[in-house]
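K.L.:
Sharing a structure with you now.
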Amino acid sequence: MALRITVDIFSGRPNPVIEVEGPEADEVLRRLKPGRKLSGREAAEPEPILGYRGLVIDQTGAASGGLPGHIRYLHGNLFGTRLSHRAEDERFEDFIAGSAGPLRRLSLGEGFPDLFGKEVDRSRKASAEHVEREHHRRRHHHCKCGPLFEPAWWNVPQRQPFNNCYNYATNYRTDTFAQPGLAAGSMYTALNCPSVGQAAVKDDLISTPKANNKCPKEGHLVALVIWPGVDFHWYRKDRNGLWSHKPGGTPVRNVDNSNHLIPDPRTANRGPYTNFCTFMVVMHGHIKIR
Amino acid sequence: MATSKSDKNTNQWIGGALVFSGRPDPTWSVPDLVVSKLESYWAHLQPWVGSLPVTPGLGYRGSFLRDASGTEWHGYGGVLTLRTSKGIQSRQDPARQFEKLVLATAPAGLLPEEVKRASQGKK
């Protein structure tokens with residue numbers, strides 16, 4: 001029984017191929033014995049990218065070892081016909097490129113095993129980062145009706161000083177430093193959650209205290225916070241699923257007082273605006289502020 | 001960068017604190033006598049080299065003194081910056097005397113406690 005292992009790594013040059021047989025082939029099959037079945041995102045076959053894409057193992061005789069005749073191994077995962085499993089050896093690449101590994105037999109220069117090892121490490125990190133990014137993207141749900149995060153439009157001398165957090169959160173430029181309730185003749189009378197919240201409802205914002213940071217099907221989500229007895233502040237959830245805000249006449253920003261992105265204003269560093277009041281929905285074209 | 005002393009006879013100088021988000025920032029008139037004192041103080045400060053201190057997004061972000069012509073000083077974090085039609089320059093004010101003196105001219109009860117604490121160098 002013999003195996004043909006193709007190192008799927010190059011684009012222009014032919015990929016290196018290693019032939020193994022006898023006890024060495026048995027050792028390879030032992031290391032590739034399928035373990036637990038992969039599930040969810042990890043079960044998806046790797047995409048064809050530039051750089052290391054895995055080891056392709058072909059059995060040149062009858063298939064054995066409980067494996068199909070043609071499989072791909074990448075970072076501990078096995079893929080093939082009816083195969084999507086974790087391998088017995090989760091660091092099989094290290095074995096291949098090790099001091100006694102079959103990769104040493106290739107006439108690709110002394111440095112190739114080290115180059116291969118580095119490329120495997122890079123690929124492993126990139127893959128982990130991709131998974132993390134995807135996870136982040138799914139967690140923060142892009143909001144299809146949310147406004148675009150476009151600070152450059154607001155941060156210009158003719159708009160920035162004259163529009164505040166309420167203007168920005170509602171995505172409604174008035175150039176008047178808009179105050180909740182003023183347009184409806186019912187401006188807030190105290191700087192607390194009920195007073196400012198009710199004033200905003202008079203402007204036709206919709207109170208959604210149970211929104212729980214979820215994008216509405218129509219309109220976009222905003223959040224009211226209070227510096228008790230002193231001031232109010234608003235955030236808005238953008239199309240990218242993250243929150244941004246405009247502190248008074250200062251530039252629009254998408255970070256909190258700790259300079260962190262804002263996935264949820266309830267947990268952001270809000271400085272003295274210690275009271276989180278509620279989420280509200282702005283239906284585009286429905287509100288009126290001044 | 002010098003400022004014209006004669007301007008203050010025709011200009012009304014406004015002091016203020018950069019602190020609010022929803023409400024307009026608090027502002028007040030600053031007496032000419034205090035403005036003269038601040039101008040003299042500015043004239044003796046050493047230039048500031050480097051990036052300006054980063055202000056927080058929410059909360060106290062410094063005090064300012066401005067006139068109708070667009071001349072404005074802003075003090076925060078030990079650096080004082082003057083903006084005029086001729087340009088911008090920053091000077092060192094490690095004791096934040098300019099910033100504090102402007103705040104000290106605010107009418108009683110106008111500024112929130114956080115600003116008073118910040119002007120005294122407390123968190």
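Convention: chains lettered A, B, ... in structure tokens order; per-chain residue numbering from 1; ligands numbered from 1 as shown.
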List the neighbours of stretch 261-271 of chain A out to 7 Å using only C-alpha atoms; skip same-chain residues closer than 5 positions along the sequence, and give me the result as an MDAnalysis selection string.
P.N.:
(chainID A and resid 140 213 242:243 254:256 276) or (chainID B and resid 58:59)
K.L.:
What are the closest atom pairs, with distances in Å to one decimal, for all residues of chain A lying within 10 Å of chain B? Consider only C-alpha atoms, order rows by chain and residue number, and present the result as JSON lines.
P.N.:
{"residue": "A:Phe162", "atom": "CA", "partner": "B:Pro24", "partner_atom": "CA", "distance": 9.5}
{"residue": "A:Asn163", "atom": "CA", "partner": "B:Gly22", "partner_atom": "CA", "distance": 9.4}
{"residue": "A:Asn164", "atom": "CA", "partner": "B:Gly22", "partner_atom": "CA", "distance": 6.0}
{"residue": "A:Cys165", "atom": "CA", "partner": "B:Gly22", "partner_atom": "CA", "distance": 5.8}
{"residue": "A:Tyr166", "atom": "CA", "partner": "B:Gly22", "partner_atom": "CA", "distance": 6.6}
{"residue": "A:Asn167", "atom": "CA", "partner": "B:Gly22", "partner_atom": "CA", "distance": 9.2}
{"residue": "A:Thr176", "atom": "CA", "partner": "B:Pro24", "partner_atom": "CA", "distance": 9.9}
{"residue": "A:Phe177", "atom": "CA", "partner": "B:Pro24", "partner_atom": "CA", "distance": 7.1}
{"residue": "A:Ala178", "atom": "CA", "partner": "B:Gly22", "partner_atom": "CA", "distance": 7.9}
{"residue": "A:Gln179", "atom": "CA", "partner": "B:Gly22", "partner_atom": "CA", "distance": 7.1}
{"residue": "A:Pro180", "atom": "CA", "partner": "B:Gly22", "partner_atom": "CA", "distance": 8.9}
{"residue": "A:Ile226", "atom": "CA", "partner": "B:Gly22", "partner_atom": "CA", "distance": 9.6}
{"residue": "A:Trp227", "atom": "CA", "partner": "B:Gly59", "partner_atom": "CA", "distance": 9.1}
{"residue": "A:Gly229", "atom": "CA", "partner": "B:Pro112", "partner_atom": "CA", "distance": 9.2}
{"residue": "A:Val230", "atom": "CA", "partner": "B:Pro112", "partner_atom": "CA", "distance": 6.8}
{"residue": "A:Asp231", "atom": "CA", "partner": "B:Gly22", "partner_atom": "CA", "distance": 6.2}
{"residue": "A:Phe232", "atom": "CA", "partner": "B:Gly22", "partner_atom": "CA", "distance": 5.3}
{"residue": "A:His233", "atom": "CA", "partner": "B:Gly22", "partner_atom": "CA", "distance": 5.4}
{"residue": "A:Trp234", "atom": "CA", "partner": "B:Gly22", "partner_atom": "CA", "distance": 7.8}
{"residue": "A:His245", "atom": "CA", "partner": "B:Gly57", "partner_atom": "CA", "distance": 9.1}
{"residue": "A:Lys246", "atom": "CA", "partner": "B:Ser21", "partner_atom": "CA", "distance": 7.5}
{"residue": "A:Pro247", "atom": "CA", "partner": "B:Ser21", "partner_atom": "CA", "distance": 4.6}
{"residue": "A:Gly248", "atom": "CA", "partner": "B:Ser21", "partner_atom": "CA", "distance": 3.6}
{"residue": "A:Gly249", "atom": "CA", "partner": "B:Ser21", "partner_atom": "CA", "distance": 7.3}
{"residue": "A:Thr250", "atom": "CA", "partner": "B:Gly57", "partner_atom": "CA", "distance": 8.0}
{"residue": "A:Pro251", "atom": "CA", "partner": "B:Gly57", "partner_atom": "CA", "distance": 9.0}
{"residue": "A:Val252", "atom": "CA", "partner": "B:Gly57", "partner_atom": "CA", "distance": 9.4}
{"residue": "A:Arg253", "atom": "CA", "partner": "B:Gly57", "partner_atom": "CA", "distance": 8.0}
{"residue": "A:Asn254", "atom": "CA", "partner": "B:Gly57", "partner_atom": "CA", "distance": 9.9}
{"residue": "A:Val255", "atom": "CA", "partner": "B:Gly57", "partner_atom": "CA", "distance": 8.3}
{"residue": "A:Asp256", "atom": "CA", "partner": "B:Gly57", "partner_atom": "CA", "distance": 6.8}
{"residue": "A:Asn257", "atom": "CA", "partner": "B:Pro56", "partner_atom": "CA", "distance": 5.6}
{"residue": "A:Ser258", "atom": "CA", "partner": "B:Pro56", "partner_atom": "CA", "distance": 8.2}
{"residue": "A:Asn259", "atom": "CA", "partner": "B:Pro56", "partner_atom": "CA", "distance": 8.7}
{"residue": "A:Asn269", "atom": "CA", "partner": "B:Leu58", "partner_atom": "CA", "distance": 9.0}
{"residue": "A:Arg270", "atom": "CA", "partner": "B:Leu58", "partner_atom": "CA", "distance": 6.4}
{"residue": "A:Gly271", "atom": "CA", "partner": "B:Leu58", "partner_atom": "CA", "distance": 5.6}
{"residue": "A:Pro272", "atom": "CA", "partner": "B:Gly59", "partner_atom": "CA", "distance": 6.0}
{"residue": "A:Tyr273", "atom": "CA", "partner": "B:Leu58", "partner_atom": "CA", "distance": 7.7}
K.L.:
Residues within 9 Å of B:Gly16, please, as a list of chain:residue names. Count only C-alpha atoms; anything in the same chain fewer than 4 positions from it doesn't count.
P.N.:
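Result of the neighbour search: B:Asp25, B:Pro26, B:Thr27, B:Trp28, B:Ser29, B:Gly62, B:Ser63, B:Phe64, B:Leu65, B:Arg66, B:Val102, B:Leu103, B:Ala106.
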K.L.:
Stretch 81-85 of chain B: which residues within 10 Å, counting only C-alpha atoms, same-chain residues fewer than 5 positions away excluded, as a VMD selection string?
P.N.:
chain B and resid 1 to 3 42 47 to 48 52 64 to 66 69 to 76 90 to 93
K.L.:
Could you turn the residues from that selection into a file that holds N, CA, C and O atoms, as a CSV table (one decimal), in the first residue's frame?
P.N.:
chain,number,residue,atom,x,y,z
B,1,MET,N,2.5,84.1,18.6
B,1,MET,CA,1.3,84.7,18.0
B,1,MET,C,0.7,85.7,19.1
B,1,MET,O,0.3,85.2,20.2
B,2,ALA,N,0.7,86.9,18.7
B,2,ALA,CA,0.1,87.9,19.7
B,2,ALA,C,-1.4,88.1,19.4
B,2,ALA,O,-1.9,87.9,18.3
B,3,THR,N,-2.0,88.6,20.4
B,3,THR,CA,-3.4,89.0,20.2
B,3,THR,C,-3.5,90.5,20.5
B,3,THR,O,-2.8,91.1,21.3
B,42,TRP,N,-0.6,83.9,29.0
B,42,TRP,CA,-0.3,83.2,27.8
B,42,TRP,C,1.0,83.7,27.2
B,42,TRP,O,1.8,82.8,26.7
B,47,PRO,N,6.4,77.1,24.3
B,47,PRO,CA,5.7,76.4,23.3
B,47,PRO,C,5.5,74.9,23.7
B,47,PRO,O,6.3,74.3,24.4
B,48,TRP,N,4.4,74.3,23.2
B,48,TRP,CA,4.2,72.9,23.4
B,48,TRP,C,4.5,72.1,22.1
B,48,TRP,O,4.1,72.5,21.0
B,52,LEU,N,-1.6,66.9,20.9
B,52,LEU,CA,-2.4,67.4,22.0
B,52,LEU,C,-3.0,66.3,22.8
B,52,LEU,O,-3.2,65.2,22.4
B,64,PHE,N,-12.8,77.0,27.6
B,64,PHE,CA,-12.4,77.8,26.4
B,64,PHE,C,-12.7,79.3,26.7
B,64,PHE,O,-13.5,79.6,27.6
B,65,LEU,N,-12.0,80.1,26.0
B,65,LEU,CA,-12.2,81.6,26.0
B,65,LEU,C,-12.2,82.0,24.6
B,65,LEU,O,-11.3,81.8,23.9
B,66,ARG,N,-13.3,82.7,24.2
B,66,ARG,CA,-13.4,83.1,22.7
B,66,ARG,C,-14.0,84.4,22.6
B,66,ARG,O,-14.7,84.9,23.5
B,69,SER,N,-14.6,87.4,17.0
B,69,SER,CA,-13.7,87.4,15.8
B,69,SER,C,-13.2,86.0,15.4
B,69,SER,O,-12.6,85.8,14.4
B,70,GLY,N,-13.4,85.1,16.3
B,70,GLY,CA,-12.9,83.7,16.1
B,70,GLY,C,-11.7,83.4,16.8
B,70,GLY,O,-11.1,82.3,16.7
B,71,THR,N,-11.2,84.3,17.6
B,71,THR,CA,-10.0,84.0,18.5
B,71,THR,C,-10.5,83.1,19.6
B,71,THR,O,-11.5,83.4,20.3
B,72,GLU,N,-9.8,82.0,19.8
B,72,GLU,CA,-10.2,81.1,20.9
B,72,GLU,C,-9.1,80.4,21.5
B,72,GLU,O,-8.2,79.8,20.8
B,73,TRP,N,-9.0,80.4,22.8
B,73,TRP,CA,-8.1,79.5,23.6
B,73,TRP,C,-8.9,78.3,24.1
B,73,TRP,O,-10.0,78.5,24.6
B,74,HIS,N,-8.2,77.2,24.0
B,74,HIS,CA,-8.8,76.0,24.6
B,74,HIS,C,-7.8,75.3,25.5
B,74,HIS,O,-6.6,75.1,25.1
B,75,GLY,N,-8.1,75.1,26.8
B,75,GLY,CA,-7.2,74.5,27.7
B,75,GLY,C,-7.6,73.1,28.2
B,75,GLY,O,-8.8,73.0,28.6
B,76,TYR,N,-6.8,72.1,28.1
B,76,TYR,CA,-7.1,70.8,28.6
B,76,TYR,C,-5.8,70.0,28.8
B,76,TYR,O,-4.9,70.1,27.9
B,90,SER,N,0.1,76.0,20.2
B,90,SER,CA,-0.1,75.4,21.5
B,90,SER,C,1.1,75.7,22.4
B,90,SER,O,2.2,75.8,22.0
B,91,ARG,N,0.8,76.0,23.7
B,91,ARG,CA,1.8,76.2,24.7
B,91,ARG,C,1.6,75.4,26.0
B,91,ARG,O,0.5,74.9,26.2
B,92,GLN,N,2.7,75.2,26.7
B,92,GLN,CA,2.6,74.4,27.9
B,92,GLN,C,1.9,75.2,29.1
B,92,GLN,O,2.3,76.3,29.3
B,93,ASP,N,1.0,74.5,29.7
B,93,ASP,CA,0.4,75.1,30.9
B,93,ASP,C,0.2,74.0,31.9
B,93,ASP,O,-0.9,73.6,32.2
K.L.:
Would you please give, as a ChimeraX atom specification, all residues of stretch 139-273 of chain A that DSSP assigns to strand (DSSP E or B) based on the backbone?
P.N.:
/A:206-207,220-227,231-237,243-245,253,255,261-262
K.L.:
Mind dumping the selected residues with N, CA and C atoms as a PDB file, in the first residue's frame?
P.N.:
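Generated output (part36.pdb):
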ATOM      1  N   ILE A 206     -39.966  55.748  18.904  1.00  0.00           N
ATOM      2  CA  ILE A 206     -40.783  54.659  19.475  1.00  0.00           C
ATOM      3  C   ILE A 206     -40.005  53.973  20.592  1.00  0.00           C
ATOM      4  N   SER A 207     -40.590  53.999  21.778  1.00  0.00           N
ATOM      5  CA  SER A 207     -39.932  53.374  22.918  1.00  0.00           C
ATOM      6  C   SER A 207     -39.945  51.856  22.752  1.00  0.00           C
ATOM      7  N   HIS A 220     -34.274  52.361  12.614  1.00  0.00           N
ATOM      8  CA  HIS A 220     -33.017  51.983  13.260  1.00  0.00           C
ATOM      9  C   HIS A 220     -33.087  52.212  14.764  1.00  0.00           C
ATOM     10  N   LEU A 221     -32.168  51.539  15.445  1.00  0.00           N
ATOM     11  CA  LEU A 221     -32.186  51.547  16.900  1.00  0.00           C
ATOM     12  C   LEU A 221     -31.325  52.686  17.439  1.00  0.00           C
ATOM     13  N   VAL A 222     -31.831  53.376  18.478  1.00  0.00           N
ATOM     14  CA  VAL A 222     -31.045  54.377  19.199  1.00  0.00           C
ATOM     15  C   VAL A 222     -31.120  54.036  20.685  1.00  0.00           C
ATOM     16  N   ALA A 223     -30.257  54.647  21.461  1.00  0.00           N
ATOM     17  CA  ALA A 223     -30.254  54.374  22.902  1.00  0.00           C
ATOM     18  C   ALA A 223     -30.063  55.685  23.657  1.00  0.00           C
ATOM     19  N   LEU A 224     -30.825  55.838  24.727  1.00  0.00           N
ATOM     20  CA  LEU A 224     -30.761  57.044  25.557  1.00  0.00           C
ATOM     21  C   LEU A 224     -30.045  56.727  26.866  1.00  0.00           C
ATOM     22  N   VAL A 225     -29.085  57.585  27.218  1.00  0.00           N
ATOM     23  CA  VAL A 225     -28.404  57.470  28.510  1.00  0.00           C
ATOM     24  C   VAL A 225     -28.435  58.837  29.190  1.00  0.00           C
ATOM     25  N   ILE A 226     -28.287  58.840  30.497  1.00  0.00           N
ATOM     26  CA  ILE A 226     -28.433  60.082  31.260  1.00  0.00           C
ATOM     27  C   ILE A 226     -27.255  60.276  32.209  1.00  0.00           C
ATOM     28  N   TRP A 227     -26.765  61.491  32.253  1.00  0.00           N
ATOM     29  CA  TRP A 227     -25.867  61.941  33.322  1.00  0.00           C
ATOM     30  C   TRP A 227     -26.838  62.535  34.352  1.00  0.00           C
ATOM     31  N   ASP A 231     -27.275  66.035  32.133  1.00  0.00           N
ATOM     32  CA  ASP A 231     -27.320  66.026  30.669  1.00  0.00           C
ATOM     33  C   ASP A 231     -27.862  64.683  30.176  1.00  0.00           C
ATOM     34  N   PHE A 232     -28.169  64.638  28.887  1.00  0.00           N
ATOM     35  CA  PHE A 232     -28.584  63.381  28.240  1.00  0.00           C
ATOM     36  C   PHE A 232     -27.630  63.088  27.091  1.00  0.00           C
ATOM     37  N   HIS A 233     -27.642  61.859  26.615  1.00  0.00           N
ATOM     38  CA  HIS A 233     -26.793  61.494  25.476  1.00  0.00           C
ATOM     39  C   HIS A 233     -27.467  60.348  24.713  1.00  0.00           C
ATOM     40  N   TRP A 234     -27.263  60.340  23.402  1.00  0.00           N
ATOM     41  CA  TRP A 234     -27.866  59.319  22.539  1.00  0.00           C
ATOM     42  C   TRP A 234     -26.789  58.603  21.717  1.00  0.00           C
ATOM     43  N   TYR A 235     -27.005  57.323  21.509  1.00  0.00           N
ATOM     44  CA  TYR A 235     -26.184  56.517  20.592  1.00  0.00           C
ATOM     45  C   TYR A 235     -27.099  55.998  19.474  1.00  0.00           C
ATOM     46  N   ARG A 236     -26.511  55.573  18.378  1.00  0.00           N
ATOM     47  CA  ARG A 236     -27.294  54.922  17.332  1.00  0.00           C
ATOM     48  C   ARG A 236     -26.582  53.651  16.858  1.00  0.00           C
ATOM     49  N   LYS A 237     -27.390  52.681  16.444  1.00  0.00           N
ATOM     50  CA  LYS A 237     -26.829  51.436  15.915  1.00  0.00           C
ATOM     51  C   LYS A 237     -26.748  51.540  14.401  1.00  0.00           C
ATOM     52  N   TRP A 243     -22.300  50.464  17.345  1.00  0.00           N
ATOM     53  CA  TRP A 243     -22.894  51.740  17.736  1.00  0.00           C
ATOM     54  C   TRP A 243     -21.905  52.881  17.540  1.00  0.00           C
ATOM     55  N   SER A 244     -22.459  54.054  17.241  1.00  0.00           N
ATOM     56  CA  SER A 244     -21.622  55.253  17.158  1.00  0.00           C
ATOM     57  C   SER A 244     -22.389  56.397  17.804  1.00  0.00           C
ATOM     58  N   HIS A 245     -21.689  57.517  17.994  1.00  0.00           N
ATOM     59  CA  HIS A 245     -22.329  58.649  18.679  1.00  0.00           C
ATOM     60  C   HIS A 245     -21.584  59.935  18.384  1.00  0.00           C
ATOM     61  N   ARG A 253     -17.952  59.678  16.523  1.00  0.00           N
ATOM     62  CA  ARG A 253     -16.980  58.628  16.843  1.00  0.00           C
ATOM     63  C   ARG A 253     -17.699  57.303  17.032  1.00  0.00           C
ATOM     64  N   VAL A 255     -16.235  54.889  19.108  1.00  0.00           N
ATOM     65  CA  VAL A 255     -15.592  54.264  20.274  1.00  0.00           C
ATOM     66  C   VAL A 255     -16.112  54.914  21.550  1.00  0.00           C
ATOM     67  N   LEU A 261     -14.499  49.876  20.529  1.00  0.00           N
ATOM     68  CA  LEU A 261     -15.710  49.820  19.710  1.00  0.00           C
ATOM     69  C   LEU A 261     -16.908  49.504  20.606  1.00  0.00           C
ATOM     70  N   ILE A 262     -18.099  49.858  20.127  1.00  0.00           N
ATOM     71  CA  ILE A 262     -19.276  49.747  20.995  1.00  0.00           C
ATOM     72  C   ILE A 262     -20.262  48.718  20.431  1.00  0.00           C
TER      73      ILE A 262
END
K.L.:
Please identify the alpha helix (DSSP H) residues within chain B (assignment by DSSP from backbone atoms) and present them as a PyMOL selection string.
P.N.:
chain B and resi 7-10+32-43+97-104+113-119
K.L.:
Put those residues in a file: N, CA and C atoms, as an mmCIF file, in the first residue's frame.
P.N.:
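Generated output (again_25.cif):
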data_model
loop_
_atom_site.group_PDB
_atom_site.id
_atom_site.type_symbol
_atom_site.label_atom_id
_atom_site.label_comp_id
_atom_site.auth_asym_id
_atom_site.auth_seq_id
_atom_site.Cartn_x
_atom_site.Cartn_y
_atom_site.Cartn_z
ATOM 1 N N ASP B 7 -8.551 94.797 20.877
ATOM 2 C CA ASP B 7 -9.756 94.051 20.511
ATOM 3 C C ASP B 7 -10.721 93.928 21.675
ATOM 4 N N LYS B 8 -10.144 93.773 22.870
ATOM 5 C CA LYS B 8 -11.019 93.442 23.973
ATOM 6 C C LYS B 8 -11.927 94.608 24.369
ATOM 7 N N ASN B 9 -11.607 95.815 23.850
ATOM 8 C CA ASN B 9 -12.491 96.931 24.144
ATOM 9 C C ASN B 9 -13.774 96.860 23.319
ATOM 10 N N THR B 10 -13.673 96.176 22.168
ATOM 11 C CA THR B 10 -14.848 96.089 21.314
ATOM 12 C C THR B 10 -15.461 94.697 21.335
ATOM 13 N N ASP B 32 -13.184 91.930 31.159
ATOM 14 C CA ASP B 32 -11.966 92.364 30.448
ATOM 15 C C ASP B 32 -10.715 92.246 31.308
ATOM 16 N N LEU B 33 -10.886 92.554 32.575
ATOM 17 C CA LEU B 33 -9.737 92.508 33.482
ATOM 18 C C LEU B 33 -9.140 91.105 33.530
ATOM 19 N N VAL B 34 -10.023 90.127 33.567
ATOM 20 C CA VAL B 34 -9.560 88.731 33.609
ATOM 21 C C VAL B 34 -8.927 88.362 32.261
ATOM 22 N N VAL B 35 -9.516 88.847 31.178
ATOM 23 C CA VAL B 35 -8.965 88.541 29.854
ATOM 24 C C VAL B 35 -7.544 89.095 29.727
ATOM 25 N N SER B 36 -7.349 90.320 30.225
ATOM 26 C CA SER B 36 -5.995 90.914 30.192
ATOM 27 C C SER B 36 -5.011 90.047 30.961
ATOM 28 N N LYS B 37 -5.452 89.586 32.089
ATOM 29 C CA LYS B 37 -4.589 88.740 32.922
ATOM 30 C C LYS B 37 -4.243 87.436 32.187
ATOM 31 N N LEU B 38 -5.243 86.868 31.525
ATOM 32 C CA LEU B 38 -5.026 85.616 30.790
ATOM 33 C C LEU B 38 -4.096 85.827 29.597
ATOM 34 N N GLU B 39 -4.248 86.955 28.921
ATOM 35 C CA GLU B 39 -3.367 87.247 27.772
ATOM 36 C C GLU B 39 -1.915 87.383 28.232
ATOM 37 N N SER B 40 -1.719 88.054 29.364
ATOM 38 C CA SER B 40 -0.359 88.202 29.891
ATOM 39 C C SER B 40 0.205 86.842 30.274
ATOM 40 N N TYR B 41 -0.635 86.037 30.872
ATOM 41 C CA TYR B 41 -0.197 84.694 31.285
ATOM 42 C C TYR B 41 0.226 83.891 30.058
ATOM 43 N N TRP B 42 -0.599 83.939 29.013
ATOM 44 C CA TRP B 42 -0.312 83.228 27.750
ATOM 45 C C TRP B 42 1.041 83.651 27.179
ATOM 46 N N ALA B 43 1.301 84.948 27.229
ATOM 47 C CA ALA B 43 2.523 85.487 26.617
ATOM 48 C C ALA B 43 3.786 84.901 27.238
ATOM 49 N N GLN B 97 -3.330 76.688 34.761
ATOM 50 C CA GLN B 97 -3.809 77.932 35.377
ATOM 51 C C GLN B 97 -4.834 78.638 34.492
ATOM 52 N N PHE B 98 -4.555 78.671 33.194
ATOM 53 C CA PHE B 98 -5.459 79.356 32.264
ATOM 54 C C PHE B 98 -6.833 78.668 32.290
ATOM 55 N N GLU B 99 -6.793 77.361 32.127
ATOM 56 C CA GLU B 99 -8.027 76.557 32.102
ATOM 57 C C GLU B 99 -8.843 76.790 33.385
ATOM 58 N N LYS B 100 -8.162 76.782 34.527
ATOM 59 C CA LYS B 100 -8.855 76.921 35.811
ATOM 60 C C LYS B 100 -9.378 78.338 36.006
ATOM 61 N N LEU B 101 -8.589 79.311 35.569
ATOM 62 C CA LEU B 101 -9.015 80.707 35.778
ATOM 63 C C LEU B 101 -10.280 81.013 34.967
ATOM 64 N N VAL B 102 -10.349 80.464 33.758
ATOM 65 C CA VAL B 102 -11.573 80.651 32.963
ATOM 66 C C VAL B 102 -12.766 80.034 33.692
ATOM 67 N N LEU B 103 -12.586 78.827 34.193
ATOM 68 C CA LEU B 103 -13.688 78.152 34.898
ATOM 69 C C LEU B 103 -14.085 78.913 36.165
ATOM 70 N N ALA B 104 -13.090 79.543 36.774
ATOM 71 C CA ALA B 104 -13.372 80.261 38.036
ATOM 72 C C ALA B 104 -14.269 81.473 37.816
ATOM 73 N N GLU B 113 -20.735 69.405 39.004
ATOM 74 C CA GLU B 113 -19.688 69.061 39.981
ATOM 75 C C GLU B 113 -18.455 68.473 39.303
ATOM 76 N N GLU B 114 -18.675 67.654 38.254
ATOM 77 C CA GLU B 114 -17.543 66.992 37.609
ATOM 78 C C GLU B 114 -16.542 68.015 37.070
ATOM 79 N N VAL B 115 -17.059 69.132 36.562
ATOM 80 C CA VAL B 115 -16.172 70.162 36.023
ATOM 81 C C VAL B 115 -15.381 70.810 37.154
ATOM 82 N N LYS B 116 -16.065 71.046 38.265
ATOM 83 C CA LYS B 116 -15.354 71.649 39.410
ATOM 84 C C LYS B 116 -14.253 70.716 39.893
ATOM 85 N N ARG B 117 -14.575 69.421 39.934
ATOM 86 C CA ARG B 117 -13.559 68.457 40.379
ATOM 87 C C ARG B 117 -12.401 68.420 39.393
ATOM 88 N N ALA B 118 -12.733 68.426 38.101
ATOM 89 C CA ALA B 118 -11.686 68.375 37.076
ATOM 90 C C ALA B 118 -10.809 69.620 37.145
ATOM 91 N N SER B 119 -11.428 70.754 37.425
ATOM 92 C CA SER B 119 -10.646 71.994 37.479
ATOM 93 C C SER B 119 -9.741 72.025 38.702
#
K.L.:
Please measure the separation of atom CA of A:Thr174 and atom CA of A:Lys217, giving the value in Å to one decimal.
P.N.:
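Distance between the two atoms: 26.0 Å.
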K.L.:
Quick one: residues within 10 Å of A:Lys210, only C-alpha atoms, excluding same-chain residues fewer than 4 positions away - as a PDB file with N, CA and C atoms, in the first residue's frame?
P.N.:
ATOM      1  N   LYS A 214     -31.236  44.388  19.612  1.00  0.00           N
ATOM      2  CA  LYS A 214     -31.565  43.727  18.333  1.00  0.00           C
ATOM      3  C   LYS A 214     -32.057  44.772  17.322  1.00  0.00           C
ATOM      4  N   THR A 278     -33.016  53.423  27.941  1.00  0.00           N
ATOM      5  CA  THR A 278     -33.811  52.525  27.087  1.00  0.00           C
ATOM      6  C   THR A 278     -33.306  52.553  25.649  1.00  0.00           C
ATOM      7  N   PHE A 279     -33.736  51.546  24.898  1.00  0.00           N
ATOM      8  CA  PHE A 279     -33.581  51.577  23.446  1.00  0.00           C
ATOM      9  C   PHE A 279     -34.834  52.217  22.854  1.00  0.00           C
ATOM     10  N   MET A 280     -34.701  52.862  21.719  1.00  0.00           N
ATOM     11  CA  MET A 280     -35.845  53.388  20.979  1.00  0.00           C
ATOM     12  C   MET A 280     -35.618  53.135  19.493  1.00  0.00           C
TER      13      MET A 280
END
K.L.:
Find the residue from A:Ile49, A:Leu148, A:Val120, A:Val56 that sits nearest to A:Glu19; use only C-alpha atoms when measuring.
P.N.:
A:Val56
K.L.:
For each of B:Gln46, B:Pro94, B:Gln89, B:Thr105, take the minimum atom-to-atom distance to B:Ile14, counting only C-alpha atoms, then give the residue where this is smallest.
P.N.:
B:Thr105
K.L.:
Counting only C-alpha atoms, figure out which residue out of A:Val7, A:Met187, A:Leu106, A:Gly65 gets nearest to A:Asp26.
P.N.:
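Ranking A:Val7, A:Met187, A:Leu106, A:Gly65 by distance to A:Asp26, first place goes to A:Gly65.
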K.L.:
Enter the distance from atom CA of A:Arg290 to atom CA of A:Pro209, in Å, rounded to one decimal.
P.N.:
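For atom CA of A:Arg290 relative to atom CA of A:Pro209, the distance reads 23.9 Å.
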K.L.:
What does the distance from atom CA of B:Val79 to atom CA of B:Ala108 come to in Å, to one decimal?
P.N.:
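A separation of 25.7 Å between them.
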